Amino acid sequence: MLFDKKDILDMESLSSKEINFILDTATSMKEISERSIKKVPALRGKTVVLFFYEPSTRTRTSFDIAAKRLSADSISISANTSSLVKGETLLDTARNLEAMKPDVIILRHVFAGAPHMLARSLKASIINAGDGMHSHPSQSLLDMMSIREKKGSLKGLKIAIIGDISHSRVARSNCIGFTKMGASVILAGPLTMIPKGIETLGAKVEKNIDKAIKNADVVMMLRIQKERQKGFLFSTEREYARAFGLNEERLKSAREDVLIMHPGPVNRGIEIAPEVLDGKYSIILDQVTNGVAVRMALLYLVLGGARNADSN
Ligand code: CP
């Protein structure tokens, strides 16, 4: 397949065929991380800039590891140590970075649409590593890879996404991505955290969390994003855990082979009980492992790896 995307910005702009191609590429790349020498020369001579305006553990580290495993040179910049603190705009900063000839800029930014703006203005490939509450495409792709590995396909699965839907770019990306791949998505959580009109992304809203979990093939729990919330959306953490947290009792109504997922970071004991987080149904650390493979595939594909391989 010809993969001709310059940028990876959101799940809306990827077709199901492109998603499958990315996941197939990631699956074949996963084996590199199992080798004793975890490096191939595929992107030798390429430069990747990691530009993160918000904190990150998983996304930033896995993009960095992915670049290094493909032999690209990677450099990491944080907002608080860049000249942004002196008043430079995002676009001016990005233009200055581009003047140093990077091939890819990976951007995490607090504002929805920031990666799209850079993609329109720069020649370098832009990969969205999370923009505000809008989109987190590499997370959605690694979630799909993790489900596909265990279930073979997303087609026909019932996937419940539970928690702070309003502030979650992961929930938005997964509503779009999962339904595109043939799954049905049920959203549940406190009514104060379910945005109006979210059904337009293809998901159904279920007010009762136990109904959402019943017969689910996959249950994905989300963190309460206090850093984005304005005002009080729930009473206490203990009350939230009781009403909306996933515990062993609640899990009994899901399918016997249910997968428990979480994009991280987890608030252990709030949205998910420790025995479920660390239990036999949890694939949360598999998600993290697959994050490296998916990000290797994205870097390889936006830099024309598949085209070059075809022409060799
Ligand atoms: N899931 C995710 O985006 O985690 P980080 O914020 O640690 O990157």
# chains A, B, ... in the order shown; residues from 1 in each chain; ligands from 1
$ residues_near_ligand --ligand "ligand 1" --cutoff "6 Å" --atoms "only C-alpha atoms and all ligand atoms" --output "VMD selection string"
chain A and resid 56 to 60 263 to 265
$ write_last_selection --atoms "N, CA and C atoms" --output "PDB file, in the first residue's frame"
ATOM      1  N   SER A  56       4.545  14.471  30.122  1.00  0.00           N
ATOM      2  CA  SER A  56       4.311  13.161  29.506  1.00  0.00           C
ATOM      3  C   SER A  56       5.363  12.190  30.009  1.00  0.00           C
ATOM      4  N   THR A  57       4.946  10.989  30.268  1.00  0.00           N
ATOM      5  CA  THR A  57       5.911   9.905  30.532  1.00  0.00           C
ATOM      6  C   THR A  57       5.917   8.946  29.350  1.00  0.00           C
ATOM      7  N   ARG A  58       4.751   8.354  29.056  1.00  0.00           N
ATOM      8  CA  ARG A  58       4.661   7.289  28.052  1.00  0.00           C
ATOM      9  C   ARG A  58       4.915   7.793  26.627  1.00  0.00           C
ATOM     10  N   THR A  59       4.203   8.849  26.218  1.00  0.00           N
ATOM     11  CA  THR A  59       4.255   9.271  24.813  1.00  0.00           C
ATOM     12  C   THR A  59       5.643   9.785  24.447  1.00  0.00           C
ATOM     13  N   ARG A  60       6.166  10.631  25.303  1.00  0.00           N
ATOM     14  CA  ARG A  60       7.469  11.229  25.010  1.00  0.00           C
ATOM     15  C   ARG A  60       8.576  10.173  24.989  1.00  0.00           C
ATOM     16  N   PRO A 263      -5.218   4.409  29.348  1.00  0.00           N
ATOM     17  CA  PRO A 263      -4.121   5.051  28.617  1.00  0.00           C
ATOM     18  C   PRO A 263      -2.991   5.522  29.524  1.00  0.00           C
ATOM     19  N   GLY A 264      -3.253   5.632  30.845  1.00  0.00           N
ATOM     20  CA  GLY A 264      -2.272   6.174  31.767  1.00  0.00           C
ATOM     21  C   GLY A 264      -2.190   7.697  31.615  1.00  0.00           C
ATOM     22  N   PRO A 265      -1.703   8.389  32.634  1.00  0.00           N
ATOM     23  CA  PRO A 265      -1.341   7.858  33.938  1.00  0.00           C
ATOM     24  C   PRO A 265      -2.562   7.439  34.751  1.00  0.00           C
TER      25      PRO A 265
END
$ residues_around --residues "Val219 of chain A" --least-positions-apart "2" --cutoff "6 Å" --atoms "only C-alpha atoms" --output "PyMOL selection string"
chain A and resi 159-160+260
$ write_last_selection --atoms "N, CA and C atoms" --output "CSV table (one decimal), in the first residue's frame"
chain,number,residue,atom,x,y,z
A,159,ILE,N,-17.0,-2.0,23.3
A,159,ILE,CA,-15.9,-1.4,24.1
A,159,ILE,C,-16.5,-0.3,24.9
A,160,ALA,N,-16.4,-0.4,26.2
A,160,ALA,CA,-16.9,0.6,27.2
A,160,ALA,C,-15.7,1.5,27.6
A,260,ILE,N,-9.0,-5.2,30.2
A,260,ILE,CA,-9.0,-4.0,30.9
A,260,ILE,C,-7.9,-3.1,30.4
$ residues_around --residues "Val288 of chain A" --least-positions-apart "3" --cutoff "8 Å" --atoms "only C-alpha atoms" --output "list in words"
Arg58, Leu142, Ile284, Leu285, Gly291 and Val292 of chain A
$ write_last_selection --atoms "C-alpha atoms" --output "PDB file, in the first residue's frame"
ATOM      1  CA  ARG A  58       4.661   7.289  28.052  1.00  0.00           C
ATOM      2  CA  LEU A 142      -1.607   1.636  20.191  1.00  0.00           C
ATOM      3  CA  ILE A 284      -2.322  -1.791  30.507  1.00  0.00           C
ATOM      4  CA  LEU A 285       1.407  -2.498  30.301  1.00  0.00           C
ATOM      5  CA  GLY A 291       3.268   2.303  22.097  1.00  0.00           C
ATOM      6  CA  VAL A 292       6.901   1.923  21.039  1.00  0.00           C
TER       7      VAL A 292
END
$ select_by_dssp --residues "segment 113-245 of chain A" --states "helix (DSSP H, G or I)" --output "ChimeraX atom specification"
/A:114-121,137-151,169-180,191-193,198-201,209-213,237-244
$ select_by_dssp --residues "segment 7-142 of chain A" --states "strand (DSSP E or B)" --output "ChimeraX atom specification"
/A:8,47-52,73-78,104-109,125-131,135
$ write_last_selection --atoms "C-alpha atoms" --output "short mmCIF file (atom, residue, chain, number, x, y, z; two decimals), in the first residue's frame"
data_model
loop_
_atom_site.label_atom_id
_atom_site.label_comp_id
_atom_site.auth_asym_id
_atom_site.auth_seq_id
_atom_site.Cartn_x
_atom_site.Cartn_y
_atom_site.Cartn_z
CA ILE A 8 -0.38 12.25 11.61
CA THR A 47 16.21 13.97 12.73
CA VAL A 48 13.21 13.87 15.04
CA VAL A 49 12.30 16.77 17.38
CA LEU A 50 10.13 16.02 20.41
CA PHE A 51 8.40 19.25 21.38
CA PHE A 52 6.26 18.83 24.51
CA ASP A 73 18.66 11.28 15.86
CA SER A 74 16.16 12.63 18.39
CA ILE A 75 16.20 15.81 20.41
CA SER A 76 13.74 16.73 23.13
CA ILE A 77 12.51 20.23 23.99
CA SER A 78 10.26 21.25 26.87
CA VAL A 104 9.71 15.20 11.94
CA ILE A 105 8.37 17.38 14.75
CA ILE A 106 6.31 15.57 17.39
CA LEU A 107 4.14 18.07 19.22
CA ARG A 108 2.14 17.87 22.43
CA HIS A 109 0.30 21.09 23.12
CA SER A 125 6.23 16.06 9.11
CA ILE A 126 4.13 16.80 12.19
CA ILE A 127 2.91 14.07 14.53
CA ASN A 128 0.29 15.02 17.10
CA ALA A 129 1.30 13.67 20.52
CA GLY A 130 -1.89 15.06 22.11
CA ASP A 131 -3.54 18.45 21.54
CA SER A 135 -6.95 14.21 19.72
#
$ closest_atom_pairs --of "segment 231-311 of chain A" --to "segment 24-32 of chain A" --cutoff "7 Å" --atoms "only C-alpha atoms" --output "Markdown table"
| residue | atom | partner | partner_atom | distance |
| --- | --- | --- | --- | --- |
| A:Ala293 | CA | A:Ala26 | CA | 4.9 |
| A:Val294 | CA | A:Ala26 | CA | 4.8 |
| A:Met296 | CA | A:Ala26 | CA | 6.8 |
| A:Ala297 | CA | A:Ala26 | CA | 4.9 |
$ write_last_selection --atoms "N, CA, C and O atoms" --output "compact mmCIF listing (two decimals), in the first residue's frame"
# COMPACT_ATOMS: atom_id res chain seq x y z
N ALA A 293 6.13 0.28 19.42
CA ALA A 293 5.99 -0.29 18.06
C ALA A 293 5.16 0.62 17.15
O ALA A 293 5.52 0.86 15.99
N VAL A 294 4.05 1.14 17.69
CA VAL A 294 3.20 2.02 16.88
C VAL A 294 3.95 3.29 16.50
O VAL A 294 3.88 3.77 15.36
N MET A 296 7.21 3.65 16.26
CA MET A 296 8.21 3.30 15.24
C MET A 296 7.55 3.27 13.86
O MET A 296 8.08 3.82 12.89
N ALA A 297 6.38 2.65 13.80
CA ALA A 297 5.67 2.55 12.51
C ALA A 297 5.31 3.94 11.98
O ALA A 297 5.49 4.23 10.79
$ residues_around --residues "Lys280 of chain A" --least-positions-apart "5" --cutoff "12 Å" --atoms "only C-alpha atoms" --output "list in words"
Glu248, Leu251, Glu256, Asp257, Val258, Leu259, Ile260, Met261, Pro274, Glu275 and Leu285 of chain A
$ closest_residue --among "A:Ser168, A:Asn20, A:Asn174, A:Ser282" --to "Pro195 of chain A" --atoms "only C-alpha atoms"
A:Ser168
$ atom_distance --atom1 "atom CA of Leu301 of chain A" --atom2 "atom CA of Lys6 of chain A"
8.8 Å
$ residues_around --residues "segment 242-245 of chain A" --least-positions-apart "2" --cutoff "12 Å" --atoms "only C-alpha atoms" --output "number ranges by chain"
A: 161-164, 188-191, 193, 207-213, 219-224, 234-240, 247-251, 266-274, 276-277
$ residues_around --residues "Ala72 of chain A" --least-positions-apart "6" --cutoff "12 Å" --atoms "only C-alpha atoms" --output "PyMOL selection string"
chain A and resi 39-49+63-66+102-104+296+299-300+303
$ write_last_selection --atoms "N, CA, C and O atoms" --output "short mmCIF file (atom, residue, chain, number, x, y, z; two decimals), in the first residue's frame"
data_model
loop_
_atom_site.label_atom_id
_atom_site.label_comp_id
_atom_site.auth_asym_id
_atom_site.auth_seq_id
_atom_site.Cartn_x
_atom_site.Cartn_y
_atom_site.Cartn_z
N LYS A 39 18.08 -2.18 17.48
CA LYS A 39 18.33 -1.06 16.57
C LYS A 39 18.39 -1.57 15.13
O LYS A 39 19.06 -2.59 14.87
N VAL A 40 17.72 -0.84 14.24
CA VAL A 40 17.83 -1.12 12.80
C VAL A 40 18.15 0.21 12.11
O VAL A 40 17.85 1.28 12.64
N PRO A 41 18.74 0.16 10.91
CA PRO A 41 19.21 1.43 10.31
C PRO A 41 18.14 2.18 9.49
O PRO A 41 18.48 3.12 8.79
N ALA A 42 16.87 1.82 9.61
CA ALA A 42 15.83 2.31 8.70
C ALA A 42 15.79 3.84 8.57
O ALA A 42 15.55 4.37 7.48
N LEU A 43 15.99 4.57 9.65
CA LEU A 43 15.88 6.04 9.60
C LEU A 43 17.22 6.72 9.90
O LEU A 43 17.25 7.85 10.41
N ARG A 44 18.31 6.04 9.53
CA ARG A 44 19.63 6.64 9.76
C ARG A 44 19.74 7.96 9.00
O ARG A 44 19.33 8.04 7.83
N GLY A 45 20.23 8.99 9.66
CA GLY A 45 20.37 10.30 9.02
C GLY A 45 19.14 11.19 9.15
O GLY A 45 19.16 12.35 8.73
N LYS A 46 18.06 10.66 9.71
CA LYS A 46 16.84 11.47 9.92
C LYS A 46 16.87 12.09 11.32
O LYS A 46 17.45 11.52 12.25
N THR A 47 16.22 13.25 11.44
CA THR A 47 16.21 13.97 12.73
C THR A 47 14.77 14.17 13.21
O THR A 47 13.92 14.64 12.45
N VAL A 48 14.54 13.80 14.44
CA VAL A 48 13.21 13.87 15.04
C VAL A 48 13.27 14.82 16.23
O VAL A 48 14.12 14.66 17.12
N VAL A 49 12.38 15.83 16.24
CA VAL A 49 12.30 16.77 17.38
C VAL A 49 11.06 16.45 18.19
O VAL A 49 9.95 16.38 17.65
N PHE A 63 8.15 7.71 21.93
CA PHE A 63 8.56 8.31 20.65
C PHE A 63 10.08 8.41 20.57
O PHE A 63 10.69 8.16 19.52
N ASP A 64 10.70 8.77 21.70
CA ASP A 64 12.16 8.90 21.73
C ASP A 64 12.82 7.54 21.50
O ASP A 64 13.75 7.39 20.69
N ILE A 65 12.32 6.53 22.21
CA ILE A 65 12.87 5.17 22.04
C ILE A 65 12.62 4.69 20.60
O ILE A 65 13.50 4.10 19.96
N ALA A 66 11.42 4.97 20.08
CA ALA A 66 11.08 4.54 18.71
C ALA A 66 12.06 5.14 17.70
O ALA A 66 12.58 4.44 16.82
N PRO A 102 14.95 19.58 10.78
CA PRO A 102 14.47 18.28 11.26
C PRO A 102 13.56 17.64 10.22
O PRO A 102 13.03 18.35 9.34
N ASP A 103 13.38 16.35 10.29
CA ASP A 103 12.47 15.67 9.35
C ASP A 103 11.07 15.51 9.94
O ASP A 103 10.09 15.50 9.21
N VAL A 104 11.02 15.36 11.26
CA VAL A 104 9.71 15.20 11.94
C VAL A 104 9.71 16.05 13.21
O VAL A 104 10.71 16.08 13.92
N MET A 296 7.21 3.65 16.26
CA MET A 296 8.21 3.30 15.24
C MET A 296 7.55 3.27 13.86
O MET A 296 8.08 3.82 12.89
N LEU A 299 6.76 6.88 12.60
CA LEU A 299 7.95 7.60 12.13
C LEU A 299 8.42 7.04 10.79
O LEU A 299 8.73 7.79 9.85
N TYR A 300 8.43 5.72 10.70
CA TYR A 300 8.89 5.05 9.49
C TYR A 300 7.99 5.42 8.29
O TYR A 300 8.49 5.76 7.21
N LEU A 303 8.05 9.13 7.08
CA LEU A 303 9.32 9.45 6.42
C LEU A 303 9.52 8.61 5.15
O LEU A 303 10.62 8.56 4.61
#
$ closest_residue --among "A:Arg69, A:Ser82, A:Ala112, A:Leu14" --to "Lys38 of chain A" --atoms "only C-alpha atoms"
A:Arg69
$ residues_around --residues "segment 199-203 of chain A" --least-positions-apart "4" --cutoff "10 Å" --atoms "only C-alpha atoms" --output "compact mmCIF listing (two decimals) with C-alpha atoms, in the first residue's frame"
# COMPACT_ATOMS: atom_id res chain seq x y z
CA GLU A 12 -10.55 11.57 11.40
CA ILE A 159 -15.93 -1.38 24.05
CA ALA A 160 -16.89 0.61 27.17
CA ILE A 161 -14.93 3.80 27.87
CA ALA A 171 -11.83 9.07 24.43
CA ARG A 172 -12.47 11.30 21.41
CA SER A 173 -9.80 9.64 19.28
CA ASN A 174 -10.97 6.18 20.29
CA CYS A 175 -14.64 6.89 19.57
CA ILE A 176 -13.61 7.76 16.03
CA GLY A 177 -10.96 5.07 15.60
CA PHE A 178 -12.77 2.14 17.23
CA THR A 179 -16.05 2.75 15.39
CA LYS A 180 -14.16 3.15 12.10
CA ALA A 183 -16.50 -1.80 17.15
CA SER A 184 -19.38 -0.29 19.09
CA VAL A 185 -18.34 2.22 21.74
CA ILE A 186 -20.31 2.92 24.93
CA LEU A 187 -19.35 5.93 27.02
CA PRO A 195 -20.01 16.39 26.92
$ closest_residue --among "A:Arg148, A:Lys204, A:Arg95, A:His136" --to "Ser121 of chain A" --atoms "only C-alpha atoms"
A:Arg95
$ atom_distance --atom1 "atom CA of Lys226 of chain A" --atom2 "atom CA of Tyr53 of chain A"
17.4 Å
$ atom_distance --atom1 "atom CA of Leu91 of chain A" --atom2 "atom CA of Met11 of chain A"
23.3 Å
$ closest_residue --among "A:Met117, A:Asp278, A:Leu90, A:Ile165" --to "Val205 of chain A" --atoms "only C-alpha atoms"
A:Ile165
$ closest_residue --among "A:Ser36, A:Met144, A:Ser62, A:His167" --to "Ile22 of chain A" --atoms "only C-alpha atoms"
A:Met144
